[in-house]
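Working notes, beginning with the structure itself.
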Amino acid sequence: MPQLFKDKPVDVCLMLEGTYPYVAGGVSTWTHDLIRSQPDMSFFLISLLPSQEKRKPRYELPGNVVGIEHTYIQEMAKGDRRIAHMDRFFADLESPLERLQSRRGNLADMAEVFELIYPLREQLGGRILLNSEPAWDMLLGMYARGHPDSSFLDYFWTWRALMGGLFSVLLSDIPAARAYHTVSTGYAGILAARAVLETGRPGIVTEHGIYTNERRIEIAMADWLFEDERVDLNVDRSKRDLKDLWMDTFASYSRCCYQACGDIVTLYEGNQHLQLDDGADPGRMAIIPNGIDYERYSAIRRRPYPGAEGAPPTLGFVGRVVPIKDVKTLIRACGMMRKEIPDLRVLIIGPYDEDEEYYEECCQMVAELDLGQVIEFMGRQRLDDVLTEVDVMVLTSISEGMPLVILECGAAGIPSVATDVGACRELIMGNSLETPALGAGGAITPLSNPRATAEACVRLLSDPDHYADCSEALKTRVEQYYNKTGQDAAYRGLYDRRMAAETRPTPLPPPSHLAEAAE
């Protein structure tokens with residue numbers, strides 16, 4: 001496959017899994033602003049998507065984005081029906097793949113897989129890698145050794161999903177770039193690790209939420225991942241089930257990414273503990289907090305306190321209507337709040353078409369609790385326009401990184417009530433390094449606790465003095481510690497340093513040499 005921009009590499013290639021520019025949200029907005037903050041640098045985007053379903057961009061790409069490539073995680077070309085020495089190829093492939101599906105997998109294992117695939121990328125595809133007789137034999141062997149007590153049918157589809165994702169990433173095109181920057185681990189992280197191995201250029205990873213932690217939550221909640229719960233008096237949790245297989249594989253992928261990238265960046269200290277657990281090198285780790293355009297959001301004109309100017313006390317929720325945002329807890333909390341604040345208004349601001357079944361369940365809950373006149377699903381909106389109507393921002397998520405919306409609202413003087421996830425506590429309550437301590441900018445609540453959410457919101461909406469104190473504390477904290485100018489300068493320094501680095505020797509010989517060796 002010809003490498004894009006071979007003669008004149010782009011400055012930065014961004015790897016983006018399921019986010020920008022097709023999905024609105026905090027990570028996508030951060031990416032859009034990052035690109036715009038470096039107007040003299042060229043960016044190429046690789047968007048990793050589940051399928052070739054047609055999608056409409058949610059953002060207008062800045063002029064310094066010189067191209068975009070799509071990698072479909074569960075789709076790949078058919079490829080040839082056979083290659084030379086096919087049995088030997090799969091025999092060599094099986095052991096490193098098996099290690100990658102365990103928690104001990106690392107970059108050396110991924111490199112071993114890629115070095116086998118690399119010279120044959122023109123020929124390989126779904127026919128050989130997933131549907132051939134040697135692939136079937138490899139699947140049977142991995143099942144027998146790793147998961148003989150699991151349903152074979154469930155294992156079969158799990159194996160195909162995991163292997164299909166890995167192979168599609170290793171077979172995809174990448175551009176020549178001076179640096180490769182992934183905005184998560186997972187499949188995007190594997191692609192970044194592959195780029196570092198293939199080109200010898202530096203890799204950077206920035207994690208907002210920790211990918212493996214978010215996948216653990218999703219897998220634990222998944223009803224699509226069936227396990228046969230047969231009655232057995234000999235309960236042996238030492239046996240790995242298919243949920244373990246998913247989680248261990250993604251932990252290996254994170255380790256591969258961390259080992260390949262020279263800079264492992266996250267938004268706050270709490271995330272670093274999770275990165276260390278997944279094998280990150282402390283010497284490569286750094287914190288660059290999210291920043292927002294303080295001048296823009298602090299200029300928003302809004303009511304001085306809830307209920308002022310005859311307006312109803314109004315809560316805002318900014319986010320996707322998906323399970324990980326736990327919108328149902330917010331809806332239950334609203335049912336409790338209405339008893340004390342009869343004229344309560346709640347604006348749910350964000351896309352609701354990502355998980356239509358969950359959205360319908362939320363609508364049904366609104367109807368059952370008779371909240372149709374209280375809660376409005378507004379869809380995606382320009383935040384500057386709706387914040388003029390919001391008194392308190394609420395986040396009930398079960399996983400977050402460093403939510404930009406808390407900072408944006410804080411700059412406008414809007415306090416937040418949020419669950420104790422990600423950096424929410426640090427943003428709202430301050431961290432140990434804050435001198436002098438500025439005080440609470442709202443409230444932190446336990447996960448999935450509608451009563452605690454309701455009580456915190458009611459206090460802010462009904463106590464003007466408490467509201468004013470929280471508003472001023474959060475506004476000052478954002479101005480002092482989370483202004484975007486600092487974030488932009490930090491990434492510029494990181495990019496300049498990595499783009500100026502010498503190209504490292506790559507372990508991969510030229511493709512023609514490898515192809516001859518394979519013969």
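In the structure tokens, each chain is lettered A, B, ... as it comes, each chain's residues begin at 1, and ligands are numbered from 1 in order of appearance.
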
I'd like the contact shell of Ala412 in chain A - 6 Å cut-off, only C-alpha atoms, skipping same-chain residues fewer than 2 positions apart - returned as a ChimeraX atom specification. /A:297-298,300,409-410,414

Residues near Gln487 in chain A, cut-off 7 Å, only C-alpha atoms, skip fewer than 3 positions along chain, as a ChimeraX atom specification: /A:288-291,484,490-491

Which residues are close to range 43-56 of chain A, i.e. within 6 Å by only C-alpha atoms, leaving aside same-chain residues fewer than 2 positions away? Reply as an MDAnalysis selection string. chainID A and resid 12:18 65:74

Using only C-alpha atoms, which protein or nucleic acid residues come within 10 Å of Ala111 in chain A? Drop anything in the same chain fewer than 6 positions from it, and give the result as an NGL selection string. :A and (96 or 117-118 or 193-194 or 197-198 or 256 or 507-508)

Write out, as an mmCIF file, in the first residue's frame, the residues just selected, with N, CA and C atoms.
```
data_model
loop_
_atom_site.group_PDB
_atom_site.id
_atom_site.type_symbol
_atom_site.label_atom_id
_atom_site.label_comp_id
_atom_site.auth_asym_id
_atom_site.auth_seq_id
_atom_site.Cartn_x
_atom_site.Cartn_y
_atom_site.Cartn_z
ATOM 1 N N PRO A 96 1.786 -14.901 19.596
ATOM 2 C CA PRO A 96 1.677 -13.481 19.990
ATOM 3 C C PRO A 96 0.232 -13.001 20.095
ATOM 4 N N ILE A 117 2.440 -9.660 9.326
ATOM 5 C CA ILE A 117 1.419 -9.149 8.406
ATOM 6 C C ILE A 117 1.989 -8.147 7.413
ATOM 7 N N TYR A 118 2.976 -7.368 7.849
ATOM 8 C CA TYR A 118 3.474 -6.219 7.093
ATOM 9 C C TYR A 118 3.828 -6.530 5.636
ATOM 10 N N ALA A 193 0.783 2.876 17.859
ATOM 11 C CA ALA A 193 1.946 2.015 18.123
ATOM 12 C C ALA A 193 2.491 1.450 16.821
ATOM 13 N N ARG A 194 1.600 1.017 15.953
ATOM 14 C CA ARG A 194 2.026 0.515 14.642
ATOM 15 C C ARG A 194 2.756 1.597 13.855
ATOM 16 N N LEU A 197 6.274 1.964 15.101
ATOM 17 C CA LEU A 197 7.096 0.836 14.657
ATOM 18 C C LEU A 197 7.431 0.933 13.171
ATOM 19 N N GLU A 198 6.450 1.318 12.386
ATOM 20 C CA GLU A 198 6.613 1.295 10.933
ATOM 21 C C GLU A 198 7.464 2.449 10.417
ATOM 22 N N CYS A 256 0.599 -1.685 24.905
ATOM 23 C CA CYS A 256 1.300 -1.499 23.626
ATOM 24 C C CYS A 256 1.439 -0.018 23.297
ATOM 25 N N PRO A 507 12.397 -1.528 13.071
ATOM 26 C CA PRO A 507 12.736 -2.952 12.987
ATOM 27 C C PRO A 507 12.226 -3.606 11.710
ATOM 28 N N LEU A 508 11.491 -2.865 10.899
ATOM 29 C CA LEU A 508 10.878 -3.468 9.714
ATOM 30 C C LEU A 508 11.742 -3.234 8.480
#
```

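Among A:Leu170, A:Leu242, A:Ala135, A:Val205, the residue with the shortest atom-to-atom distance to Pro148 in chain A, counting only C-alpha atoms, is A:Leu242.
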